[in-house]
file input-v9.txt (compact mmCIF, C-alpha atoms)
# COMPACT_ATOMS: atom_id res chain seq x y z
CA MET A 1 87.70 291.54 70.47
CA SER A 2 87.34 290.99 74.18
CA ILE A 3 90.07 289.43 76.25
CA GLU A 4 87.66 286.70 77.31
CA LEU A 5 87.10 285.71 73.65
CA ILE A 6 90.79 285.72 72.87
CA VAL A 7 91.48 283.46 75.87
CA ALA A 8 88.69 281.12 74.80
CA LEU A 9 90.08 280.88 71.23
CA ILE A 10 93.56 280.19 72.53
CA SER A 11 92.24 277.52 74.88
CA ALA A 12 90.31 275.91 72.03
CA LEU A 13 93.41 275.90 69.79
CA VAL A 14 95.51 274.38 72.55
CA ALA A 15 92.88 271.72 73.16
CA MET A 16 92.68 270.90 69.43
CA SER A 17 96.46 270.70 69.17
CA SER A 18 96.64 268.43 72.19
CA ALA A 19 93.90 266.18 70.77
CA THR A 20 95.65 266.03 67.39
CA MET A 21 99.00 265.21 68.96
CA SER A 22 97.38 262.60 71.16
CA PHE A 23 95.67 261.00 68.14
CA TYR A 24 98.83 260.82 66.05
CA GLY A 25 100.77 259.64 69.08
CA GLN A 26 98.35 256.76 69.57
CA VAL A 27 98.53 255.90 65.85
CA HIS A 28 102.32 255.86 66.03
CA ILE A 29 102.25 253.66 69.14
CA LYS A 30 99.83 251.24 67.44
CA LYS A 31 102.11 251.12 64.39
CA LEU A 32 105.13 250.39 66.56
CA GLU A 33 103.22 247.67 68.42
CA HIS A 34 102.17 246.09 65.10
CA GLU A 35 105.73 246.16 63.79
CA LEU A 36 106.96 244.61 67.05
CA VAL A 37 104.43 241.76 66.77
CA ARG A 38 105.45 241.14 63.15
CA LYS A 39 109.11 241.12 64.12
CA ARG A 40 108.46 238.61 66.88
CA GLU A 41 106.47 236.39 64.51
CA THR A 42 109.25 236.53 61.93
CA GLU A 43 111.88 235.70 64.53
CA THR A 44 109.75 232.77 65.73
CA LYS A 45 109.39 231.41 62.17
CA GLU A 46 113.11 231.76 61.56
CA TYR A 47 113.79 229.97 64.85
CA GLN A 48 111.41 227.14 63.88
CA ALA A 49 113.14 226.81 60.52
CA LYS A 50 116.58 226.67 62.12
CA MET A 51 115.48 224.10 64.69
CA LEU A 52 113.91 221.91 62.01
CA LEU A 53 117.03 222.10 59.87
CA LYS A 54 119.23 221.35 62.88
CA LYS A 55 117.04 218.38 63.80
CA TYR A 56 117.37 216.64 60.44
CA ARG A 57 120.56 218.14 59.00
CA ASP A 58 122.84 215.16 59.64
CA PRO A 59 120.64 212.30 58.33
CA LEU A 60 119.61 214.34 55.29
CA LEU A 61 123.23 215.31 54.62
CA ARG A 62 124.39 211.72 54.94
CA SER A 63 121.69 210.34 52.64
CA ALA A 64 122.35 213.09 50.06
CA PHE A 65 126.05 212.28 50.15
CA ASP A 66 125.49 208.51 49.83
CA LEU A 67 123.19 209.01 46.84
CA GLN A 68 125.44 211.44 44.98
CA SER A 69 128.43 209.20 45.71
CA ARG A 70 126.69 206.18 44.19
CA PHE A 71 125.68 208.12 41.09
CA TYR A 72 129.23 209.46 40.78
CA ASN A 73 130.64 205.92 41.04
CA ILE A 74 128.17 204.60 38.46
CA VAL A 75 129.02 207.28 35.91
CA GLN A 76 132.71 207.92 36.63
CA GLN A 77 134.02 204.73 38.23
CA GLU A 78 132.14 201.96 36.36
CA TYR A 79 130.58 200.75 39.60
CA LEU A 80 127.87 198.66 37.94
CA GLN A 81 130.25 197.14 35.43
CA CYS A 82 132.68 196.10 38.19
CA TYR A 83 130.17 194.75 40.69
CA TYR A 84 127.28 193.66 38.48
CA SER A 85 128.11 193.07 34.82
CA ARG A 86 131.60 191.57 35.17
CA SER A 87 131.31 190.11 38.66
CA LYS A 88 131.10 186.34 39.06
CA SER A 89 129.86 186.74 42.63
CA ASP A 90 126.10 186.51 43.07
CA TRP A 91 126.52 188.40 46.35
CA ASN A 92 128.26 191.32 44.64
CA ARG A 93 125.63 191.44 41.89
CA GLU A 94 122.78 191.40 44.40
CA TYR A 95 124.45 193.99 46.62
CA ALA A 96 125.09 196.34 43.67
CA ILE A 97 121.36 196.35 42.91
CA ILE A 98 120.02 196.44 46.47
CA SER A 99 122.42 199.07 47.80
CA THR A 100 121.72 201.37 44.83
CA LEU A 101 117.97 200.98 45.36
CA PHE A 102 118.50 201.68 49.05
CA VAL A 103 120.41 204.96 48.72
CA ILE A 104 117.76 206.27 46.32
CA SER A 105 114.91 205.16 48.58
CA GLU A 106 116.55 206.43 51.75
CA PHE A 107 116.91 209.92 50.32
CA MET A 108 113.23 209.81 49.30
CA GLY A 109 112.49 208.81 52.88
CA TRP A 110 114.21 211.87 54.31
CA GLN A 111 112.47 214.05 51.74
CA GLU A 112 109.17 212.69 53.07
CA VAL A 113 110.25 213.32 56.66
CA LEU A 114 110.97 216.97 55.84
CA ARG A 115 107.68 217.31 53.94
CA ARG A 116 105.71 216.01 56.92
CA GLU A 117 107.52 218.24 59.39
CA ILE A 118 107.28 221.38 57.28
CA ARG A 119 103.55 221.06 56.54
CA PHE A 120 102.73 221.95 60.16
CA LEU A 121 105.01 224.96 60.23
CA ASP A 122 104.82 228.39 58.68
CA LEU A 123 108.51 228.99 58.07
CA GLY A 124 107.95 232.51 56.81
CA ASP A 125 110.20 234.35 54.40
CA ALA A 126 113.55 233.69 56.05
CA GLU A 127 116.26 233.54 53.39
CA GLU A 128 117.69 230.31 54.79
CA SER A 129 114.26 228.65 54.61
CA ARG A 130 113.70 229.75 51.03
CA GLN A 131 117.11 228.55 49.95
CA PHE A 132 116.71 225.17 51.65
CA ALA A 133 113.26 224.62 50.14
CA LYS A 134 114.58 225.57 46.70
CA LEU A 135 117.51 223.15 46.90
CA LEU A 136 115.24 220.27 47.93
CA SER A 137 112.85 221.17 45.13
CA ASN A 138 115.74 221.13 42.63
CA VAL A 139 116.53 217.51 43.53
CA GLN A 140 112.88 216.53 43.16
CA GLU A 141 112.65 218.30 39.81
CA ALA A 142 115.80 216.59 38.56
CA PHE A 143 114.22 213.21 39.28
CA LEU A 144 110.84 213.99 37.72
CA SER A 145 111.82 215.99 34.65
CA ASP A 146 110.54 214.42 31.42
CA THR A 147 112.71 216.60 29.19
CA ILE A 148 115.63 214.14 29.42
CA ASP A 149 116.07 210.37 29.09
CA MET A 150 113.35 208.70 31.16
CA THR A 151 115.78 206.32 32.87
CA PHE A 152 115.48 206.79 36.65
CA CYS A 153 112.53 209.16 36.17
CA LEU A 154 110.47 209.39 39.34
CA PHE A 155 107.43 211.64 39.31
CA ARG A 156 106.49 213.54 42.45
CA GLY A 157 103.89 211.02 43.64
CA HIS A 158 106.31 208.18 42.95
CA GLN A 159 108.97 209.87 45.06
CA ARG A 160 106.50 210.35 47.90
CA ALA A 161 105.32 206.74 47.76
CA ILE A 162 108.87 205.43 48.10
CA GLY A 163 109.51 207.93 50.88
CA GLU A 164 106.43 206.80 52.79
CA LEU A 165 107.53 203.17 52.59
CA MET A 166 110.91 204.11 54.05
CA LEU A 167 109.50 205.74 57.19
CA LYS A 168 110.10 203.93 60.45
CA ASP A 169 107.63 203.68 63.30
CA ASN A 170 109.43 205.52 66.08
CA ASN A 171 106.89 205.68 68.90
CA ASN A 172 109.43 206.50 71.58
CA SER A 173 110.86 209.54 69.82
CA SER A 174 109.52 212.81 68.45
CA GLN A 175 112.02 212.54 65.60
CA LEU A 176 110.94 210.67 62.48
CA ASP A 177 113.36 208.08 61.09
CA CYS A 178 113.93 205.81 58.09
CA ILE A 179 114.46 202.05 57.97
CA GLY A 180 117.99 200.73 57.50
CA LEU A 181 119.51 198.57 54.78
CA ALA A 182 118.83 195.24 56.52
CA GLU A 183 115.12 195.94 56.94
CA PHE A 184 114.95 197.39 53.43
CA THR A 185 116.48 194.19 52.02
CA GLU A 186 113.81 192.12 53.75
CA LYS A 187 110.99 194.26 52.36
CA ILE A 188 111.94 194.97 48.74
CA ASP A 189 110.28 191.81 47.44
CA MET A 190 107.00 192.55 49.20
CA PRO A 191 104.27 193.69 46.78
CA GLU A 192 103.85 197.11 48.44
CA PHE A 193 107.56 197.76 47.93
CA SER A 194 108.27 196.04 44.62
CA LYS A 195 105.51 197.88 42.74
CA TRP A 196 107.30 201.17 43.39
CA ILE A 197 110.94 200.14 42.91
CA SER A 198 110.74 197.48 40.18
CA ASN A 199 111.24 200.09 37.46
CA LEU A 200 114.31 201.42 39.27
CA LYS A 201 115.77 197.92 39.41
CA ALA A 202 115.24 197.56 35.65
CA ASP A 203 116.92 200.93 35.09
CA ILE A 204 119.95 199.88 37.14
CA GLU A 205 120.31 196.75 35.00
CA LYS A 206 119.97 198.90 31.88
CA LEU A 207 122.82 201.13 33.04
CA ALA A 208 124.96 198.08 33.78
CA GLU A 209 124.40 196.68 30.31
CA LYS A 210 124.97 199.97 28.46
CA PRO A 211 127.68 201.97 30.23
CA GLY A 212 127.89 205.56 29.07
CA LYS A 213 124.21 205.62 28.06
CA HIS A 214 121.13 206.78 29.95
CA GLU A 215 123.22 208.71 32.48
CA GLU A 216 121.98 212.27 31.95
CA ARG A 217 119.50 212.15 34.84
CA LEU A 218 122.07 210.67 37.21
CA ILE A 219 124.42 213.54 36.40
CA THR A 220 121.68 216.15 36.79
CA VAL A 221 120.56 214.73 40.15
CA GLN A 222 124.15 214.45 41.37
CA HIS A 223 124.74 218.13 40.64
CA THR A 224 121.64 219.18 42.63
CA LEU A 225 122.70 216.93 45.52
CA ILE A 226 126.13 218.54 45.66
CA ASP A 227 124.44 221.96 45.85
CA LEU A 228 122.29 220.68 48.74
CA ILE A 229 125.36 219.27 50.51
CA ASP A 230 127.19 222.60 50.11
CA PHE A 231 124.25 224.29 51.84
CA LEU A 232 123.90 221.76 54.65
CA ASP A 233 127.65 221.67 55.35
CA ASP A 234 128.82 225.07 54.18
CA ARG A 235 131.92 225.01 56.40
CA ASP A 236 133.06 221.57 55.15
CA ILE A 237 132.97 220.10 58.66
CA ARG A 238 131.21 216.81 57.99
CA ILE A 239 132.11 216.17 54.36
CA PRO A 240 135.46 217.40 53.00
CA LYS A 241 135.35 219.48 49.84
CA LYS A 242 137.33 216.88 47.89
CA TYR A 243 134.35 214.51 48.07
CA ARG A 244 131.97 216.99 46.45
CA THR A 245 133.10 216.77 42.84
CA LYS A 246 130.36 217.27 40.29
CA ILE A 247 130.34 214.83 37.39
CA ASN A 248 131.49 216.34 34.12
CA PHE A 249 128.40 216.66 31.96
CA VAL A 250 128.57 215.43 28.36
CA ARG A 251 125.21 215.30 26.63
CA GLU A 252 124.50 212.02 24.86
CA VAL A 253 124.37 212.21 21.08
call {"tool": "encode", "arguments": {"input": "input-v9.txt", "output": "structure tokens"}}
result
Amino acid sequence: MSIELIVALISALVAMSSATMSFYGQVHIKKLEHELVRKRETETKEYQAKMLLKKYRDPLLRSAFDLQSRFYNIVQQEYLQCYYSRSKSDWNREYAIISTLFVISEFMGWQEVLRREIRFLDLGDAEESRQFAKLLSNVQEAFLSDTIDMTFCLFRGHQRAIGELMLKDNNNSSQLDCIGLAEFTEKIDMPEFSKWISNLKADIEKLAEKPGKHEERLITVQHTLIDLIDFLDDRDIRIPKKYRTKINFVREV
């Protein structure tokens, strides 16, 4: 074999090796670029989730606490018997009904706020996002479940309707808000309100008349709310641990 041929073969092999290395190098670079883009997208989604949670953490936490506290007082502290059944004050009786309707409706309002905010965001697969969504879903499921006593049962559409009615027109702010107790009190007798909360009012009266009965849903919801509170305030900064007692569950016979 001539020297010229040997040199040509070596040159060809070197060229092929260089081309192969260049090809795989470009593939590797493309792979790294793709992974970098995915990482940035994930970090952006996680950031959006954290900002959304930070934006509405306090009002959601407060409304969850107020609702679980009222259910706890109804079941454990005879709230409705003290302020409705045995009270001779018309004001106390009216307040017991209205304030209970309000804490339920206000929580539905903040649920609706979160639903509206989240629908425009792709929060990705961040663990914190998944956990938060699951805890909110657990509260919704506790209200709508038809496997227990139907007292205080609110199906998903019913929850949304109440939540929509609680939203406040806040043109001067990018943050959605809910109406307060005074405005709620003025509106509950309006047809658009009363059609959605009249059954809840009847259920409150039922609980007042038959203490110890029809409480399974209240207990179930209260447990899911405590779990949500533990997530929203995991360092016990806003709500001390001693105010997060779950109601002892005793199934009705």
call {"tool": "closest_residue", "arguments": {"input": "input-v9.txt", "among": "A:Glu164, A:Glu216, A:Glu94, A:Asp177", "to": "Trp196 in chain A", "atoms": "all atoms listed in the file"}}
result
A:Glu164
call {"tool": "atom_distance", "arguments": {"input": "input-v9.txt", "atom1": "CA of Ile188 in chain A", "atom2": "CA of Arg160 in chain A"}}
result
16.3 Å
call {"tool": "closest_residue", "arguments": {"input": "input-v9.txt", "among": "A:Ile197, A:Val139, A:Ile237, A:Leu218", "to": "Tyr72 in chain A", "atoms": "only C-alpha atoms"}}
result
A:Leu218
call {"tool": "residues_around", "arguments": {"input": "input-v9.txt", "residues": "Tyr243 in chain A", "least_positions_apart": "3", "cutoff": "9 Å", "atoms": "all atoms listed in the file", "output": "list of chain:residue names"}}
result
A:Phe65, A:Ser69, A:Ile239, A:Pro240
call {"tool": "axis_aligned_box", "arguments": {"input": "input-v9.txt", "around": "range 50-56 of chain A", "padding_each_side": "4 Å", "output": "JSON"}}
result
{"center_x": 116.6, "center_y": 221.7, "center_z": 62.3, "size_x": 13.3, "size_y": 18.0, "size_z": 12.8}
call {"tool": "atom_distance", "arguments": {"input": "input-v9.txt", "atom1": "CA of Thr147 in chain A", "atom2": "CA of Thr220 in chain A"}}
result
11.8 Å
call {"tool": "residues_around", "arguments": {"input": "input-v9.txt", "residues": "Ala96 in chain A", "least_positions_apart": "3", "cutoff": "9 Å", "atoms": "only C-alpha atoms", "output": "list in words"}}
result
Tyr79, Leu80, Tyr83, Tyr84, Trp91, Asn92, Arg93, Ser99, Thr100 and Leu101 of chain A
call {"tool": "atom_distance", "arguments": {"input": "input-v9.txt", "atom1": "CA of Ser145 in chain A", "atom2": "CA of Asp234 in chain A"}}
result
27.4 Å
call {"tool": "closest_residue", "arguments": {"input": "input-v9.txt", "among": "A:Asp146, A:Glu112, A:Asp230, A:Glu209", "to": "Tyr56 in chain A", "atoms": "all atoms listed in the file"}}
result
A:Glu112
call {"tool": "residues_around", "arguments": {"input": "input-v9.txt", "residues": "Val75 in chain A", "least_positions_apart": "5", "cutoff": "8 Å", "atoms": "all atoms listed in the file", "output": "PDB file with C-alpha atoms, in the frame of the given file"}}
result
ATOM      1  CA  PRO A 211     127.680 201.970  30.230  1.00  0.00           C
ATOM      2  CA  GLY A 212     127.890 205.560  29.070  1.00  0.00           C
ATOM      3  CA  GLU A 215     123.220 208.710  32.480  1.00  0.00           C
ATOM      4  CA  LEU A 218     122.070 210.670  37.210  1.00  0.00           C
ATOM      5  CA  ILE A 219     124.420 213.540  36.400  1.00  0.00           C
ATOM      6  CA  ILE A 247     130.340 214.830  37.390  1.00  0.00           C
TER       7      ILE A 247
END
call {"tool": "residues_around", "arguments": {"input": "input-v9.txt", "residues": "Lys55 in chain A", "least_positions_apart": "2", "cutoff": "12 Å", "atoms": "only C-alpha atoms", "output": "PyMOL selection string"}}
result
chain A and resi 48-53+57-61+110+113-114+117+174-177+232
call {"tool": "closest_residue", "arguments": {"input": "input-v9.txt", "among": "A:Leu144, A:Met166, A:Val221, A:Ile29", "to": "Glu106 in chain A", "atoms": "all atoms listed in the file"}}
result
A:Met166
call {"tool": "closest_residue", "arguments": {"input": "input-v9.txt", "among": "A:Ala64, A:Ser198, A:Gly157, A:Ala208", "to": "Arg86 in chain A", "atoms": "all atoms listed in the file"}}
result
A:Ala208
call {"tool": "closest_residue", "arguments": {"input": "input-v9.txt", "among": "A:Gln111, A:Thr151, A:Ser89, A:Asn138", "to": "Gly163 in chain A", "atoms": "all atoms listed in the file"}}
result
A:Gln111
